[in-house]
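Participant: Contents of input10.pdb (PDB, C-alpha atoms) are given next:
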```
ATOM      1  CA  MET A 233       0.000   0.000   0.000
ATOM      2  CA  ALA A 234       1.100   3.561  -0.594
ATOM      3  CA  ALA A 235       2.453   5.759   2.165
ATOM      4  CA  ILE A 236      -0.396   7.952   3.428
ATOM      5  CA  GLY A 237       0.301  11.545   4.350
ATOM      6  CA  TYR A 238      -1.399  14.553   5.863
ATOM      7  CA  THR A 239      -1.367  18.092   4.486
ATOM      8  CA  LEU A 240      -0.131  20.889   6.724
ATOM      9  CA  SER A 241      -2.039  23.787   5.187
ATOM     10  CA  CYS A 242      -0.029  26.960   5.743
ATOM     11  CA  GLU A 243      -2.797  28.893   3.993
ATOM     12  CA  GLU A 244      -5.239  28.036   6.789
ATOM     13  CA  PHE A 245      -3.204  27.795   9.993
ATOM     14  CA  GLY A 246      -0.457  29.564  11.897
ATOM     15  CA  PRO A 247       2.849  28.028  12.994
ATOM     16  CA  ARG A 248       1.763  26.785  16.414
ATOM     17  CA  ALA A 249      -1.355  25.093  15.053
ATOM     18  CA  LEU A 250       0.631  23.479  12.235
ATOM     19  CA  THR A 251       3.177  22.109  14.686
ATOM     20  CA  ALA A 252       0.414  20.642  16.845
ATOM     21  CA  GLN A 253      -1.200  19.122  13.743
ATOM     22  CA  ALA A 254       2.080  17.470  12.769
ATOM     23  CA  VAL A 255       2.246  15.870  16.225
ATOM     24  CA  ARG A 256      -1.351  14.704  15.914
ATOM     25  CA  ALA A 257      -0.724  13.327  12.412
ATOM     26  CA  GLU A 258       2.214  11.318  13.673
ATOM     27  CA  ARG A 259       0.148   9.940  16.542
ATOM     28  CA  ALA A 260      -2.729   9.062  14.201
ATOM     29  CA  GLY A 261      -0.414   6.929  12.067
ATOM     30  CA  PHE A 262       0.197   9.076   9.012
ATOM     31  CA  ASP A 263       3.513   8.256   7.367
ATOM     32  CA  PHE A 264       4.435  11.751   6.230
ATOM     33  CA  ALA A 265       3.164  15.300   5.842
ATOM     34  CA  GLY A 266       3.294  17.694   2.927
ATOM     35  CA  ILE A 267       3.551  21.344   3.933
ATOM     36  CA  SER A 268       2.670  24.215   1.601
ATOM     37  CA  ASP A 269       5.112  27.065   0.954
ATOM     38  CA  HIS A 270       3.170  30.269   0.283
ATOM     39  CA  TYR A 271       3.489  33.999   0.805
ATOM     40  CA  HIS A 272      -0.284  34.535   0.445
ATOM     41  CA  PRO A 273      -3.264  32.261   1.032
ATOM     42  CA  TRP A 274      -5.455  31.538  -1.985
ATOM     43  CA  VAL A 275      -8.333  33.602  -0.561
ATOM     44  CA  ASP A 276      -8.452  35.917   2.436
ATOM     45  CA  LYS A 277     -10.856  33.615   4.312
ATOM     46  CA  GLN A 278      -8.023  31.106   4.739
ATOM     47  CA  GLY A 279      -6.218  33.789   6.684
ATOM     48  CA  ASN A 280      -2.645  32.529   7.111
ATOM     49  CA  SER A 281       0.727  32.085   5.453
ATOM     50  CA  PRO A 282       3.633  31.547   7.873
ATOM     51  CA  PHE A 283       7.239  31.118   6.710
ATOM     52  CA  VAL A 284       7.543  27.416   6.025
ATOM     53  CA  TRP A 285      11.187  27.072   7.075
ATOM     54  CA  GLY A 286      10.467  28.357  10.568
ATOM     55  CA  VAL A 287       7.523  25.967  10.893
ATOM     56  CA  LEU A 288       9.684  23.027   9.790
ATOM     57  CA  GLY A 289      12.171  23.819  12.545
ATOM     58  CA  ALA A 290       9.437  23.674  15.170
ATOM     59  CA  ILE A 291       8.016  20.436  13.745
ATOM     60  CA  SER A 292      11.456  18.826  13.751
ATOM     61  CA  GLU A 293      11.627  19.235  17.531
ATOM     62  CA  ALA A 294       8.030  18.182  18.165
ATOM     63  CA  THR A 295       7.958  14.941  16.112
ATOM     64  CA  GLU A 296      10.055  11.791  15.978
ATOM     65  CA  ARG A 297       8.926   9.717  12.998
ATOM     66  CA  LEU A 298       6.832  11.826  10.638
ATOM     67  CA  GLU A 299       8.491  12.560   7.288
ATOM     68  CA  LEU A 300       8.079  16.022   5.745
ATOM     69  CA  ILE A 301       8.071  17.361   2.198
ATOM     70  CA  THR A 302       7.516  20.914   1.027
ATOM     71  CA  GLY A 303       4.566  20.902  -1.323
ATOM     72  CA  VAL A 304       5.959  22.876  -3.027
ATOM     73  CA  THR A 305       8.751  25.460  -2.822
ATOM     74  CA  CYS A 306       9.434  27.792  -5.751
ATOM     75  CA  PRO A 307      13.226  28.354  -5.766
ATOM     76  CA  THR A 308      13.319  30.879  -8.616
ATOM     77  CA  THR A 309      11.713  34.235  -7.850
ATOM     78  CA  ARG A 310      10.688  35.148  -4.302
ATOM     79  CA  ILE A 311      13.680  33.245  -2.860
ATOM     80  CA  HIS A 312      16.981  32.713  -4.686
ATOM     81  CA  PRO A 313      17.938  29.054  -5.183
ATOM     82  CA  ALA A 314      21.144  29.524  -3.157
ATOM     83  CA  ILE A 315      19.007  30.450  -0.131
ATOM     84  CA  VAL A 316      16.609  27.559  -0.743
ATOM     85  CA  ALA A 317      19.625  25.226  -0.884
ATOM     86  CA  GLN A 318      20.752  26.460   2.542
ATOM     87  CA  ALA A 319      17.255  26.274   4.049
ATOM     88  CA  ALA A 320      16.664  22.736   2.761
ATOM     89  CA  ALA A 321      20.089  21.555   3.924
ATOM     90  CA  THR A 322      19.321  22.821   7.413
ATOM     91  CA  ALA A 323      15.886  21.183   7.385
ATOM     92  CA  ALA A 324      17.471  17.897   6.327
ATOM     93  CA  ILE A 325      19.734  18.031   9.393
ATOM     94  CA  GLN A 326      16.839  18.912  11.686
ATOM     95  CA  LEU A 327      14.791  16.066  10.189
ATOM     96  CA  PRO A 328      17.461  13.415   9.535
ATOM     97  CA  GLY A 329      16.284  10.945   6.924
ATOM     98  CA  ARG A 330      12.781  12.365   6.920
ATOM     99  CA  PHE A 331      12.845  15.523   4.816
ATOM    100  CA  ALA A 332      12.395  16.010   1.084
ATOM    101  CA  LEU A 333      12.463  19.257  -0.871
ATOM    102  CA  GLY A 334       9.505  19.537  -3.204
ATOM    103  CA  VAL A 335       9.989  22.204  -5.872
ATOM    104  CA  GLY A 336       7.903  23.740  -8.624
ATOM    105  CA  SER A 337       7.819  26.696 -10.984
ATOM    106  CA  GLY A 338       5.510  28.658  -8.700
ATOM    107  CA  GLU A 339       2.403  30.836  -8.883
ATOM    108  CA  ASN A 340       2.132  34.557  -9.441
ATOM    109  CA  LEU A 341       0.137  34.722  -6.188
ATOM    110  CA  ASN A 342       3.331  34.229  -4.182
ATOM    111  CA  GLU A 343       6.132  35.212  -6.517
ATOM    112  CA  HIS A 344       5.136  38.714  -7.662
ATOM    113  CA  ILE A 345       5.731  40.360  -4.295
ATOM    114  CA  LEU A 346       9.210  41.746  -5.012
ATOM    115  CA  GLY A 347       8.090  43.356  -8.255
ATOM    116  CA  ASP A 348       9.713  40.859 -10.596
ATOM    117  CA  ARG A 349       8.000  40.229 -13.898
ATOM    118  CA  TRP A 350       5.998  37.007 -13.941
ATOM    119  CA  PRO A 351       7.348  35.146 -16.976
ATOM    120  CA  PRO A 352       5.535  32.716 -19.297
ATOM    121  CA  VAL A 353       5.469  28.996 -18.557
ATOM    122  CA  ALA A 354       8.443  28.003 -20.723
ATOM    123  CA  ARG A 355      10.659  30.605 -19.059
ATOM    124  CA  ARG A 356       9.475  29.603 -15.579
ATOM    125  CA  GLN A 357      10.442  25.998 -16.220
ATOM    126  CA  GLU A 358      13.768  27.069 -17.670
ATOM    127  CA  ARG A 359      14.417  29.021 -14.465
ATOM    128  CA  LEU A 360      13.435  26.018 -12.349
ATOM    129  CA  GLU A 361      15.833  23.765 -14.224
ATOM    130  CA  GLU A 362      18.719  26.174 -13.604
ATOM    131  CA  ALA A 363      17.687  26.617  -9.958
ATOM    132  CA  ILE A 364      17.842  22.853  -9.408
ATOM    133  CA  GLU A 365      21.363  22.844 -10.851
ATOM    134  CA  VAL A 366      22.408  25.582  -8.397
ATOM    135  CA  ILE A 367      20.845  23.781  -5.434
ATOM    136  CA  ARG A 368      22.477  20.451  -6.224
ATOM    137  CA  ARG A 369      25.915  22.021  -6.740
ATOM    138  CA  LEU A 370      25.698  23.782  -3.385
ATOM    139  CA  TRP A 371      24.641  20.549  -1.691
ATOM    140  CA  GLU A 372      27.925  19.009  -2.869
ATOM    141  CA  GLY A 373      29.724  21.211  -0.349
ATOM    142  CA  GLY A 374      32.357  22.969  -2.433
ATOM    143  CA  LEU A 375      32.816  26.614  -3.322
ATOM    144  CA  VAL A 376      30.294  27.470  -6.031
ATOM    145  CA  THR A 377      30.376  30.240  -8.600
ATOM    146  CA  HIS A 378      27.612  30.198 -11.181
ATOM    147  CA  TYR A 379      26.893  32.719 -13.910
ATOM    148  CA  GLY A 380      23.768  31.420 -15.558
ATOM    149  CA  ARG A 381      21.067  32.823 -17.749
ATOM    150  CA  HIS A 382      18.822  33.518 -14.766
ATOM    151  CA  PHE A 383      20.896  33.244 -11.582
ATOM    152  CA  THR A 384      24.252  34.402 -10.305
ATOM    153  CA  VAL A 385      26.125  32.804  -7.414
ATOM    154  CA  GLU A 386      29.547  34.076  -6.421
ATOM    155  CA  ASN A 387      31.921  32.189  -4.129
ATOM    156  CA  ALA A 388      29.166  30.506  -2.123
ATOM    157  CA  ARG A 389      29.650  27.462   0.065
ATOM    158  CA  LEU A 390      27.238  25.713   2.402
ATOM    159  CA  TYR A 391      29.055  24.763   5.575
ATOM    160  CA  THR A 392      26.125  23.111   7.347
ATOM    161  CA  LEU A 393      25.191  20.103   5.269
ATOM    162  CA  PRO A 394      23.476  16.763   5.978
ATOM    163  CA  GLU A 395      25.435  13.558   5.452
ATOM    164  CA  GLU A 396      23.278  12.908   2.379
ATOM    165  CA  PRO A 397      21.381  15.577   0.455
ATOM    166  CA  PRO A 398      17.595  15.345   0.759
ATOM    167  CA  PRO A 399      15.551  14.018  -2.150
ATOM    168  CA  LEU A 400      14.516  16.771  -4.552
ATOM    169  CA  ILE A 401      10.996  16.098  -5.827
ATOM    170  CA  VAL A 402       9.598  18.063  -8.782
ATOM    171  CA  ALA A 403       5.956  19.116  -9.192
ATOM    172  CA  VAL A 404       4.392  18.245 -12.551
ATOM    173  CA  ALA A 405       1.367  19.526 -14.434
ATOM    174  CA  GLY A 406       2.056  18.797 -18.114
ATOM    175  CA  GLU A 407       4.407  17.024 -20.512
ATOM    176  CA  ARG A 408       7.179  19.602 -20.260
ATOM    177  CA  SER A 409       7.242  19.519 -16.463
ATOM    178  CA  VAL A 410       7.144  15.702 -16.440
ATOM    179  CA  ALA A 411      10.194  15.635 -18.683
ATOM    180  CA  LEU A 412      11.953  18.119 -16.381
ATOM    181  CA  ALA A 413      11.128  15.963 -13.364
ATOM    182  CA  ALA A 414      12.476  12.876 -15.112
ATOM    183  CA  ARG A 415      15.749  14.665 -15.967
ATOM    184  CA  HIS A 416      16.409  16.430 -12.689
ATOM    185  CA  GLY A 417      14.125  15.105  -9.966
ATOM    186  CA  ASP A 418      14.301  12.295  -7.451
ATOM    187  CA  GLY A 419      10.546  11.810  -7.855
ATOM    188  CA  LEU A 420       7.450  13.803  -8.743
ATOM    189  CA  ILE A 421       4.451  15.513  -7.174
ATOM    190  CA  GLY A 422       1.055  15.637  -8.861
ATOM    191  CA  THR A 423      -2.363  16.988  -7.926
ATOM    192  CA  ALA A 424      -4.560  14.666  -9.981
ATOM    193  CA  PRO A 425      -4.672  10.859 -10.280
ATOM    194  CA  LYS A 426      -3.375  10.790 -13.838
ATOM    195  CA  ALA A 427      -1.643   7.549 -14.711
ATOM    196  CA  GLU A 428      -0.216   9.081 -17.891
ATOM    197  CA  SER A 429       1.976  11.450 -15.864
ATOM    198  CA  ILE A 430       3.532   8.560 -13.946
ATOM    199  CA  GLU A 431       3.910   6.457 -17.080
ATOM    200  CA  GLU A 432       5.591   9.271 -18.995
ATOM    201  CA  PHE A 433       7.874  10.037 -16.050
ATOM    202  CA  ARG A 434       9.011   6.410 -15.885
ATOM    203  CA  ALA A 435       9.316   6.142 -19.676
ATOM    204  CA  LYS A 436      11.663   9.120 -19.714
ATOM    205  CA  GLY A 437      13.901   7.502 -17.107
ATOM    206  CA  GLY A 438      12.395   9.093 -14.008
ATOM    207  CA  GLU A 439      12.953   7.228 -10.762
ATOM    208  CA  GLY A 440      11.854   7.705  -7.177
ATOM    209  CA  PRO A 441       8.562   8.209  -5.377
ATOM    210  CA  ALA A 442       5.410   9.736  -6.839
ATOM    211  CA  TYR A 443       3.501  12.035  -4.473
ATOM    212  CA  GLY A 444      -0.148  12.899  -5.074
ATOM    213  CA  GLN A 445      -2.239  15.371  -3.090
ATOM    214  CA  LEU A 446      -5.941  14.809  -2.432
ATOM    215  CA  HIS A 447      -8.369  17.442  -1.063
ATOM    216  CA  VAL A 448     -11.145  16.325   1.270
ATOM    217  CA  CYS A 449     -13.519  17.876   3.749
ATOM    218  CA  TRP A 450     -14.732  15.643   6.551
ATOM    219  CA  ALA A 451     -17.739  16.790   8.562
ATOM    220  CA  GLU A 452     -20.557  15.031  10.393
ATOM    221  CA  SER A 453     -22.749  15.409   7.308
ATOM    222  CA  GLU A 454     -22.061  15.778   3.609
ATOM    223  CA  GLU A 455     -24.098  18.987   3.548
ATOM    224  CA  ARG A 456     -21.960  20.558   6.272
ATOM    225  CA  ALA A 457     -18.769  19.380   4.551
ATOM    226  CA  ARG A 458     -19.817  20.999   1.275
ATOM    227  CA  GLN A 459     -20.586  24.265   3.052
ATOM    228  CA  THR A 460     -17.213  24.225   4.794
ATOM    229  CA  ALA A 461     -15.330  23.376   1.613
ATOM    230  CA  LEU A 462     -17.045  26.182  -0.292
ATOM    231  CA  GLU A 463     -16.372  28.671   2.503
ATOM    232  CA  HIS A 464     -12.731  27.815   3.130
ATOM    233  CA  TRP A 465     -11.440  26.378  -0.173
ATOM    234  CA  PRO A 466     -13.512  27.753  -3.081
ATOM    235  CA  ASN A 467     -10.323  27.847  -5.146
ATOM    236  CA  GLY A 468     -10.569  24.073  -5.288
ATOM    237  CA  ALA A 469     -13.194  24.406  -8.009
ATOM    238  CA  ILE A 470     -11.159  26.519 -10.402
ATOM    239  CA  GLY A 471      -8.326  25.337 -12.595
ATOM    240  CA  GLY A 472      -6.400  26.092 -15.701
ATOM    241  CA  SER A 473      -4.208  29.164 -15.722
ATOM    242  CA  HIS A 474      -5.978  30.871 -12.808
ATOM    243  CA  PHE A 475      -3.793  29.113 -10.250
ATOM    244  CA  LEU A 476      -0.624  30.189 -11.975
ATOM    245  CA  GLU A 477      -1.458  33.703 -13.126
ATOM    246  CA  LEU A 478      -3.712  35.506 -10.612
ATOM    247  CA  PRO A 479      -1.650  37.750  -8.311
ATOM    248  CA  LEU A 480      -3.882  38.392  -5.264
ATOM    249  CA  PRO A 481      -6.225  36.487  -2.940
ATOM    250  CA  SER A 482      -8.935  39.009  -3.836
ATOM    251  CA  HIS A 483      -8.603  37.958  -7.484
ATOM    252  CA  PHE A 484      -9.115  34.322  -6.511
ATOM    253  CA  ALA A 485     -12.177  35.365  -4.515
ATOM    254  CA  GLU A 486     -13.559  37.100  -7.609
ATOM    255  CA  ALA A 487     -12.808  34.065  -9.750
ATOM    256  CA  THR A 488     -14.806  31.836  -7.380
ATOM    257  CA  GLU A 489     -17.894  34.037  -6.997
ATOM    258  CA  LEU A 490     -19.980  31.694  -9.142
ATOM    259  CA  VAL A 491     -18.692  28.496  -7.535
ATOM    260  CA  ASP A 492     -21.425  26.595  -5.689
ATOM    261  CA  GLU A 493     -21.530  23.513  -3.479
ATOM    262  CA  GLU A 494     -22.121  21.199  -6.423
ATOM    263  CA  ALA A 495     -18.998  22.472  -8.148
ATOM    264  CA  ILE A 496     -16.863  22.239  -5.026
ATOM    265  CA  ALA A 497     -18.000  18.667  -4.363
ATOM    266  CA  GLU A 498     -16.678  17.647  -7.766
ATOM    267  CA  SER A 499     -13.106  18.536  -6.757
ATOM    268  CA  ILE A 500     -13.165  17.904  -2.992
ATOM    269  CA  VAL A 501     -14.321  14.674  -1.348
ATOM    270  CA  CYS A 502     -17.013  15.851   1.067
ATOM    271  CA  GLY A 503     -18.647  14.109   4.007
ATOM    272  CA  PRO A 504     -18.303  11.292   6.541
ATOM    273  CA  ASP A 505     -18.536   8.248   4.239
ATOM    274  CA  PRO A 506     -15.206   6.423   4.590
ATOM    275  CA  GLU A 507     -15.727   4.596   1.287
ATOM    276  CA  LYS A 508     -15.624   7.886  -0.624
ATOM    277  CA  HIS A 509     -12.320   8.792   0.992
ATOM    278  CA  LEU A 510     -10.906   5.315   0.425
ATOM    279  CA  GLU A 511     -12.016   5.309  -3.203
ATOM    280  CA  ALA A 512     -10.333   8.673  -3.837
ATOM    281  CA  ILE A 513      -7.063   7.517  -2.261
ATOM    282  CA  ARG A 514      -7.142   4.289  -4.263
ATOM    283  CA  GLU A 515      -7.588   6.279  -7.469
ATOM    284  CA  TYR A 516      -4.153   7.784  -6.862
ATOM    285  CA  VAL A 517      -2.669   4.426  -5.956
ATOM    286  CA  ASP A 518      -4.132   2.802  -9.072
ATOM    287  CA  ALA A 519      -2.658   5.630 -11.159
ATOM    288  CA  GLY A 520       0.809   4.784  -9.834
ATOM    289  CA  TYR A 521       1.251   7.145  -6.885
ATOM    290  CA  ASP A 522       3.061   5.504  -3.977
ATOM    291  CA  HIS A 523       2.662   8.513  -1.637
ATOM    292  CA  VAL A 524      -0.765  10.126  -1.194
ATOM    293  CA  TYR A 525      -1.248  13.053   1.139
ATOM    294  CA  VAL A 526      -4.683  14.226   2.209
ATOM    295  CA  HIS A 527      -5.700  17.841   2.777
ATOM    296  CA  GLN A 528      -8.569  18.336   5.213
ATOM    297  CA  VAL A 529     -10.221  21.638   4.327
ATOM    298  CA  GLY A 530     -11.437  23.902   7.113
ATOM    299  CA  PRO A 531     -10.979  24.327  10.849
ATOM    300  CA  ASP A 532     -12.144  20.893  12.076
ATOM    301  CA  GLN A 533      -8.867  19.035  11.960
ATOM    302  CA  ASP A 534      -9.584  17.111  15.188
ATOM    303  CA  GLY A 535     -12.718  15.550  13.722
ATOM    304  CA  PHE A 536     -10.796  14.626  10.594
ATOM    305  CA  PHE A 537      -8.001  12.968  12.595
ATOM    306  CA  ASP A 538     -10.497  10.941  14.639
ATOM    307  CA  PHE A 539     -12.300   9.858  11.462
ATOM    308  CA  TYR A 540      -9.149   8.820   9.604
ATOM    309  CA  GLU A 541      -7.663   7.123  12.655
ATOM    310  CA  ARG A 542     -10.842   5.133  13.179
ATOM    311  CA  SER A 543     -12.279   4.520   9.706
ATOM    312  CA  VAL A 544      -9.796   5.189   6.914
ATOM    313  CA  LEU A 545      -6.212   4.398   7.883
ATOM    314  CA  PRO A 546      -7.031   0.928   9.303
ATOM    315  CA  ALA A 547      -8.923   0.034   6.120
ATOM    316  CA  LEU A 548      -5.951   1.095   4.002
ATOM    317  CA  ARG A 549      -3.535  -0.905   6.126
ATOM    318  CA  ASP A 550      -5.767  -3.988   5.925
TER     319      ASP A 550
END
```
Rewrite the coordinates I just gave you, this time as structure tokens.
Facilitator:
Amino acid sequence: MAAIGYTLSCEEFGPRALTAQAVRAERAGFDFAGISDHYHPWVDKQGNSPFVWGVLGAISEATERLELITGVTCPTTRIHPAIVAQAAATAAIQLPGRFALGVGSGENLNEHILGDRWPPVARRQERLEEAIEVIRRLWEGGLVTHYGRHFTVENARLYTLPEEPPPLIVAVAGERSVALAARHGDGLIGTAPKAESIEEFRAKGGEGPAYGQLHVCWAESEERARQTALEHWPNGAIGGSHFLELPLPSHFAEATELVDEEAIAESIVCGPDPEKHLEAIREYVDAGYDHVYVHQVGPDQDGFFDFYERSVLPALRD
């Protein structure tokens, strides 16, 4: 069976709550947690966006077994790849053998804040490819000077390094990103149970784990779950270029004004029926994902943990 993970939603919770949730996830029996790396939430209702590297430090001291992966960090615009390399190396020491760096080409929502131009997709992926090269060279431990098309590094050396560099997992959304992941990643991250992404990744020589994220909303009734999902995660019902191009949470709110409960229930598993949750997880497994991490939308994380601990995780293990 696949490793089952929990989503630490930095868009919805502050650092203390996230740390407590990581402890609870470990106690409930989740194998790992994916933690988002944002500067803004998707919509203002979500209300949070702490600095992920500080949260990881707290979680490293509060947990013993739970593995962590950033889902995902953009190492190209808001933060220079040399700084991401240092942050991830430190996290790998704090979480020995249980940290992976998930990277992607980012969203305008988080990356526009310093006034840099938001480039087209091909350029963003080109920047990501060069950023990965910078990160891996710095993880080797020597003095690095790099004059690339997009990034400059002069006489930089990381002195605090783990014994082994952490896995670097690349987020995928289309053929070009799958090819990039196969060339430069130690695995991939996807947000839909598409077998073709895994198959193409493997066909192009890609090795390593495949992480898939699933959005759910547990509540005592399906009606209440739909209401909560619509209130707290309306962005779950929009797709395409919106996620990549819109710059502000208010723009996402405008884009979701016509979203209703029916639409949200098509993209988020809603309600207390364990079979619906199990079926959605198995979709990812059947598509070839060996790591599936579940995002519980909304404030009721305790109810979700009780439900998964009692009704979902045992069924998956069996």
Participant: So which residues are close to (-3.7, 18.5, 6.4), meaning at most 7 Å away in the file's coordinates with all atoms listed in the file counted, and can you show them as a list of chain:residue names?
Facilitator: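 I get A:Tyr238, A:Thr239, A:Leu240, A:Ser241, A:Val526, A:His527, A:Gln528 for the residues within 7 Å of that point.
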Participant: Just C-alpha atoms for this one: save the residues we selected as a PDB file, keeping the file's coordinate frame.
Facilitator:
```pdb
ATOM      1  CA  TYR A 238      -1.399  14.553   5.863  1.00  0.00           C
ATOM      2  CA  THR A 239      -1.367  18.092   4.486  1.00  0.00           C
ATOM      3  CA  LEU A 240      -0.131  20.889   6.724  1.00  0.00           C
ATOM      4  CA  SER A 241      -2.039  23.787   5.187  1.00  0.00           C
ATOM      5  CA  VAL A 526      -4.683  14.226   2.209  1.00  0.00           C
ATOM      6  CA  HIS A 527      -5.700  17.841   2.777  1.00  0.00           C
ATOM      7  CA  GLN A 528      -8.569  18.336   5.213  1.00  0.00           C
TER       8      GLN A 528
END
```
Participant: Can you spell out as a list in words the set of residues that the PyMOL selection byres ((chain A and resi 426-434) around 6) selects in the structure I just provided?
Facilitator: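 Applied to this file, the PyMOL selection byres ((chain A and resi 426-434) around 6) selects Val410, Ala414, Ala424, Pro425, Ala435, Lys436, Gly437, Gly438 and Ala519 of chain A.
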Participant: Taking the file as shown, what set of residues would the PyMOL selection byres ((chain A and resi 247) around 10) give back, as a ChimeraX atom specification?
Facilitator: /A:240,242,245-246,248-253,280-284,286-288,290-291
Participant: Rounded to one decimal, what separation in Å do you get between atom CA of Gly503 of chain A and atom CA of Glu452 of chain A?
Facilitator: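 We find that atom CA of Gly503 of chain A and atom CA of Glu452 of chain A lie 6.7 Å from each other.
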Participant: Residues picked by the PyMOL selection byres ((chain A and resi 344) around 10) here, as a ChimeraX atom specification?
Facilitator: /A:271,309-310,339-343,345-350,477-480
Participant: From the set A:Val524, A:Leu476, A:Ala260, A:Leu548, which residue has the shortest atom-to-atom contact distance to Pro351 of chain A, counting all atoms listed in the file?
Facilitator: A:Leu476
Participant: Identify which of the residues A:Pro313, A:Gly422, A:Pro328, A:Pro273 lies closest to Phe484 of chain A, counting only C-alpha atoms when measuring atom-to-atom distances.
Facilitator: A:Pro273
Participant: May I have the residues within 10 Å of segment 315-324 of chain A as an MDAnalysis selection string, using all atoms listed in the file and disregarding those fewer than 2 positions away in the same chain?
Facilitator: chainID A and resid 284:286 288:289 292 300 302 305:308 311:313 326:335 363:364 366:371 389:400
Participant: Name all residues at most 10 Å from Ala487 of chain A (count all atoms listed in the file; drop same-chain ones fewer than 2 positions away) and give them as a list of chain:residue names.
Facilitator: A:Pro466, A:Asn467, A:Ala469, A:Ile470, A:His474, A:Leu478, A:Pro481, A:Ser482, A:His483, A:Phe484, A:Ala485, A:Glu489, A:Leu490, A:Val491
Participant: Pick out the residues sitting within 12 Å of Arg456 of chain A, and hand them over as number ranges by chain; count all atoms listed in the file, and ignore anything fewer than 4 positions along from it in its own chain.
Facilitator: A: 449-452, 460-463, 493, 497, 502-504, 529-530, 532
Participant: What does the structure give for the distance between atom CA of Gly417 of chain A and atom CA of Gly266 of chain A, in Å to one decimal?
Facilitator: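 Computing the Euclidean distance for atom CA of Gly417 of chain A and atom CA of Gly266 of chain A yields 17.0 Å.
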Participant: To one decimal in Å, tell me the separation between atom CA of Ala403 of chain A and atom CA of Leu420 of chain A.
Facilitator: 5.5 Å
Participant: My list of candidates is A:Asp269, A:Tyr443, A:Ala294, A:Gly373. Which is closest to Val517 of chain A when distances are computed with all atoms listed in the file?
Facilitator: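 Smallest separation from Val517 of chain A among the options: A:Tyr443.
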